[in-house]
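Undergrad: Sharing start_14.tsv here; it has TSV, C-alpha atoms.
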```
chain	number	residue	atom	x	y	z
A	778	MET	CA	100.06	112.02	101.81
A	779	GLY	CA	100.04	108.50	100.26
A	780	GLU	CA	100.12	105.28	102.20
A	781	GLN	CA	103.20	103.12	102.04
A	782	ALA	CA	102.91	99.67	100.49
A	783	GLY	CA	101.56	97.15	102.95
A	784	ALA	CA	100.44	99.86	105.35
A	785	VAL	CA	97.05	99.28	106.90
A	786	PRO	CA	94.56	101.93	105.81
A	787	ALA	CA	92.82	103.98	108.50
A	788	ASP	CA	89.66	101.85	108.23
A	789	GLU	CA	91.57	98.81	109.54
A	790	GLY	CA	88.47	96.90	110.68
A	791	SER	CA	86.46	97.47	107.52
A	792	PRO	CA	85.12	94.59	105.40
A	793	ALA	CA	87.28	95.85	102.50
A	794	GLN	CA	90.36	95.65	104.70
A	795	GLU	CA	89.48	92.10	105.77
A	796	ILE	CA	89.12	91.00	102.13
A	797	TYR	CA	92.44	92.74	101.35
A	798	ARG	CA	94.19	90.95	104.24
A	799	GLN	CA	92.90	87.54	103.17
A	800	PHE	CA	94.00	87.93	99.55
A	801	ARG	CA	97.32	89.48	100.60
A	802	GLY	CA	97.94	86.45	102.84
A	803	LEU	CA	97.12	84.04	100.03
A	804	ILE	CA	99.50	85.86	97.70
A	805	THR	CA	102.43	86.32	100.10
A	806	SER	CA	102.19	82.71	101.29
A	807	GLY	CA	102.36	81.52	97.69
A	808	GLN	CA	98.90	79.93	97.76
A	809	LEU	CA	97.91	82.28	94.92
A	810	GLY	CA	100.75	82.31	92.43
A	811	SER	CA	101.97	84.80	89.88
A	812	GLY	CA	99.50	85.18	87.03
A	813	GLU	CA	96.65	83.41	88.82
A	814	ARG	CA	93.27	85.02	88.38
A	815	LEU	CA	91.32	86.30	91.37
A	816	PRO	CA	87.55	85.88	91.44
A	817	THR	CA	85.58	88.73	89.89
A	818	VAL	CA	84.69	91.63	92.15
A	819	ARG	CA	81.06	90.50	92.00
A	820	GLN	CA	81.98	86.93	93.02
A	821	THR	CA	84.20	88.18	95.86
A	822	ALA	CA	81.39	90.44	97.08
A	823	ASN	CA	79.01	87.49	97.02
A	824	ASP	CA	81.50	85.19	98.81
A	825	PHE	CA	82.10	87.73	101.59
A	826	GLY	CA	78.51	88.95	101.78
A	827	VAL	CA	79.42	92.56	101.01
A	828	ALA	CA	78.51	95.14	98.37
A	829	PRO	CA	80.50	95.03	95.11
A	830	GLY	CA	81.95	98.48	95.93
A	831	THR	CA	83.46	97.06	99.12
A	832	ALA	CA	85.13	94.21	97.21
A	833	ALA	CA	86.35	96.69	94.57
A	834	LYS	CA	87.92	98.80	97.33
A	835	ALA	CA	89.81	95.73	98.59
A	836	TYR	CA	91.08	95.06	95.07
A	837	LYS	CA	92.26	98.69	94.86
A	838	PHE	CA	94.29	98.14	98.07
A	839	LEU	CA	95.88	95.06	96.43
A	840	GLU	CA	96.65	97.08	93.29
A	841	ARG	CA	98.15	99.87	95.39
A	842	ASP	CA	100.55	97.35	96.90
A	843	GLN	CA	101.35	95.99	93.42
A	844	LEU	CA	100.14	92.53	94.39
A	845	VAL	CA	97.61	92.35	91.56
A	846	VAL	CA	97.09	93.80	88.11
A	847	THR	CA	93.62	94.40	86.66
A	848	ARG	CA	93.04	94.20	82.92
A	849	THR	CA	89.54	94.56	81.49
A	850	ALA	CA	89.50	91.38	79.40
A	851	ALA	CA	91.88	89.33	81.59
A	852	GLY	CA	90.38	90.23	84.96
A	853	THR	CA	92.43	90.70	88.11
A	854	ARG	CA	95.56	88.54	88.32
A	855	VAL	CA	98.40	88.18	90.78
A	856	SER	CA	101.25	90.42	89.69
A	857	GLU	CA	104.43	88.90	88.29
A	858	THR	CA	106.32	90.95	90.88
A	859	ALA	CA	104.19	90.05	93.92
A	860	ALA	CA	106.52	89.24	96.79
A	861	VAL	CA	106.16	85.79	98.28
A	862	LEU	CA	107.46	85.03	101.73
A	863	PRO	CA	110.26	82.47	101.80
A	864	ALA	CA	109.05	78.91	102.42
A	865	SER	CA	111.01	78.78	105.70
A	866	VAL	CA	109.08	81.80	107.03
A	867	VAL	CA	105.72	80.37	105.94
A	868	ARG	CA	106.61	77.04	107.60
A	869	ARG	CA	107.47	78.76	110.90
A	870	ILE	CA	104.26	80.78	110.76
A	871	ARG	CA	102.28	77.56	110.27
A	872	ASP	CA	104.08	75.99	113.24
A	873	LEU	CA	103.29	79.08	115.33
A	874	THR	CA	99.61	78.99	114.44
A	875	VAL	CA	99.34	75.29	115.28
A	876	GLU	CA	100.99	75.82	118.66
A	877	ALA	CA	99.02	78.98	119.47
A	878	GLU	CA	95.74	77.25	118.60
A	879	ALA	CA	96.69	74.19	120.70
A	880	VAL	CA	97.16	76.32	123.82
A	881	GLY	CA	94.03	78.39	123.15
A	882	SER	CA	95.73	81.68	122.26
A	883	ASP	CA	93.58	84.39	120.72
A	884	LEU	CA	94.47	85.21	117.12
A	885	ALA	CA	94.31	88.96	117.74
A	886	ASP	CA	96.76	88.58	120.66
A	887	VAL	CA	99.21	86.53	118.58
A	888	ILE	CA	99.08	89.07	115.75
A	889	GLY	CA	99.48	91.92	118.23
A	890	VAL	CA	102.60	90.38	119.76
A	891	LEU	CA	104.02	89.70	116.31
A	892	ARG	CA	103.50	93.36	115.37
A	893	VAL	CA	105.18	94.54	118.57
A	894	ILE	CA	108.16	92.25	118.02
A	895	TRP	CA	108.35	93.24	114.34
A	896	ASN	CA	108.41	96.92	115.31
A	897	LYS	CA	110.90	96.19	118.13
A	898	GLU	CA	108.81	98.25	120.51
A	899	VAL	CA	109.50	95.89	123.40
A	900	ASP	CA	112.61	93.95	124.38
A	901	VAL	CA	111.21	90.42	124.39
A	902	LEU	CA	114.37	88.62	125.47
```
Reformat the file's structure so that it appears as structure tokens.
TA:
Amino acid sequence: MGEQAGAVPADEGSPAQEIYRQFRGLITSGQLGSGERLPTVRQTANDFGVAPGTAAKAYKFLERDQLVVTRTAAGTRVSETAAVLPASVVRRIRDLTVEAEAVGSDLADVIGVLRVIWNKEVDVL
């Protein structure tokens, strides 16, 4: 059974998953634009202090979600079809993070509440 795009793989806390999340965030927020080149797998592994195989696994997750395309000579680049969140959503997320940080909220708690609200598991009103 394949995973759906954007679904978190079973090894959610793995270093590969963390690298995947960071690049996915950069792409969906528009900070890495269409056609921009990602660092090499070796450079990413060095930057994150992980084995090259771990970085390669993260890049495979990005390819699976069609966020990047890897070509031998051209390297790994952000896909032309990578979805970027609307600027209004990114702006509200930035406002949320500033406010949450100001009141000392834990990042994991904020993300957890966002997931619950997104999945409509709890009536928050």
Undergrad: Excluding range 794-802 of chain A and residues on its chain fewer than 6 positions from it, collect all residues at most 10 Å away from it, counting all atoms listed in the file, and give them as a list in words.
TA: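 So the residues in contact are Gly783, Val785, Pro786, Ala787, Asp788, Gln808, Leu809, Leu815, Thr821, Ala822, Phe825, Val827, Thr831, Ala832, Ala833, Lys834, Ala835, Tyr836, Lys837, Phe838, Leu839, Asp842, Leu844, Val845, Val855, Ala859, Ala860, Val861 and Leu862 of chain A.
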Undergrad: Would you mind exporting the chosen residues as a PDB file, in the coordinates of the input, restricted to C-alpha atoms?
TA:
```
ATOM      1  CA  GLY A 783     101.560  97.150 102.950  1.00  0.00           C
ATOM      2  CA  VAL A 785      97.050  99.280 106.900  1.00  0.00           C
ATOM      3  CA  PRO A 786      94.560 101.930 105.810  1.00  0.00           C
ATOM      4  CA  ALA A 787      92.820 103.980 108.500  1.00  0.00           C
ATOM      5  CA  ASP A 788      89.660 101.850 108.230  1.00  0.00           C
ATOM      6  CA  GLN A 808      98.900  79.930  97.760  1.00  0.00           C
ATOM      7  CA  LEU A 809      97.910  82.280  94.920  1.00  0.00           C
ATOM      8  CA  LEU A 815      91.320  86.300  91.370  1.00  0.00           C
ATOM      9  CA  THR A 821      84.200  88.180  95.860  1.00  0.00           C
ATOM     10  CA  ALA A 822      81.390  90.440  97.080  1.00  0.00           C
ATOM     11  CA  PHE A 825      82.100  87.730 101.590  1.00  0.00           C
ATOM     12  CA  VAL A 827      79.420  92.560 101.010  1.00  0.00           C
ATOM     13  CA  THR A 831      83.460  97.060  99.120  1.00  0.00           C
ATOM     14  CA  ALA A 832      85.130  94.210  97.210  1.00  0.00           C
ATOM     15  CA  ALA A 833      86.350  96.690  94.570  1.00  0.00           C
ATOM     16  CA  LYS A 834      87.920  98.800  97.330  1.00  0.00           C
ATOM     17  CA  ALA A 835      89.810  95.730  98.590  1.00  0.00           C
ATOM     18  CA  TYR A 836      91.080  95.060  95.070  1.00  0.00           C
ATOM     19  CA  LYS A 837      92.260  98.690  94.860  1.00  0.00           C
ATOM     20  CA  PHE A 838      94.290  98.140  98.070  1.00  0.00           C
ATOM     21  CA  LEU A 839      95.880  95.060  96.430  1.00  0.00           C
ATOM     22  CA  ASP A 842     100.550  97.350  96.900  1.00  0.00           C
ATOM     23  CA  LEU A 844     100.140  92.530  94.390  1.00  0.00           C
ATOM     24  CA  VAL A 845      97.610  92.350  91.560  1.00  0.00           C
ATOM     25  CA  VAL A 855      98.400  88.180  90.780  1.00  0.00           C
ATOM     26  CA  ALA A 859     104.190  90.050  93.920  1.00  0.00           C
ATOM     27  CA  ALA A 860     106.520  89.240  96.790  1.00  0.00           C
ATOM     28  CA  VAL A 861     106.160  85.790  98.280  1.00  0.00           C
ATOM     29  CA  LEU A 862     107.460  85.030 101.730  1.00  0.00           C
TER      30      LEU A 862
END
```
Undergrad: So that I can see what lies close to Arg814 in chain A, please list as a list in words the residues with an atom at most 9 Å from it, counting all atoms listed in the file and leaving out residues fewer than 4 positions away in the same chain.
TA: Leu809, Gly810, Ala851, Gly852, Thr853, Arg854 and Val855 of chain A
Undergrad: If you measure from CA of Ser865 in chain A to CA of Asp883 in chain A, what distance in Å do you get, rounded to one decimal?
TA: 23.7 Å
Undergrad: Calculate how many Å separate CA of Pro792 in chain A from CA of Gly826 in chain A, rounding to one decimal.
TA: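 Between CA of Pro792 in chain A and CA of Gly826 in chain A the gap works out to 9.4 Å.
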Undergrad: Please measure the separation of CA of Val887 in chain A and CA of Thr874 in chain A, giving the value in Å to one decimal.
TA: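 Separation between CA of Val887 in chain A and CA of Thr874 in chain A: 8.6 Å.
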Undergrad: Taking the point (101.3, 80.8, 105.9) as given in the file, collect each protein or nucleic acid residue that comes within 8 Å of it, counting all atoms listed in the file, and present the set as a PyMOL selection string.
TA: chain A and resi 802-803+806+866-868+870-871
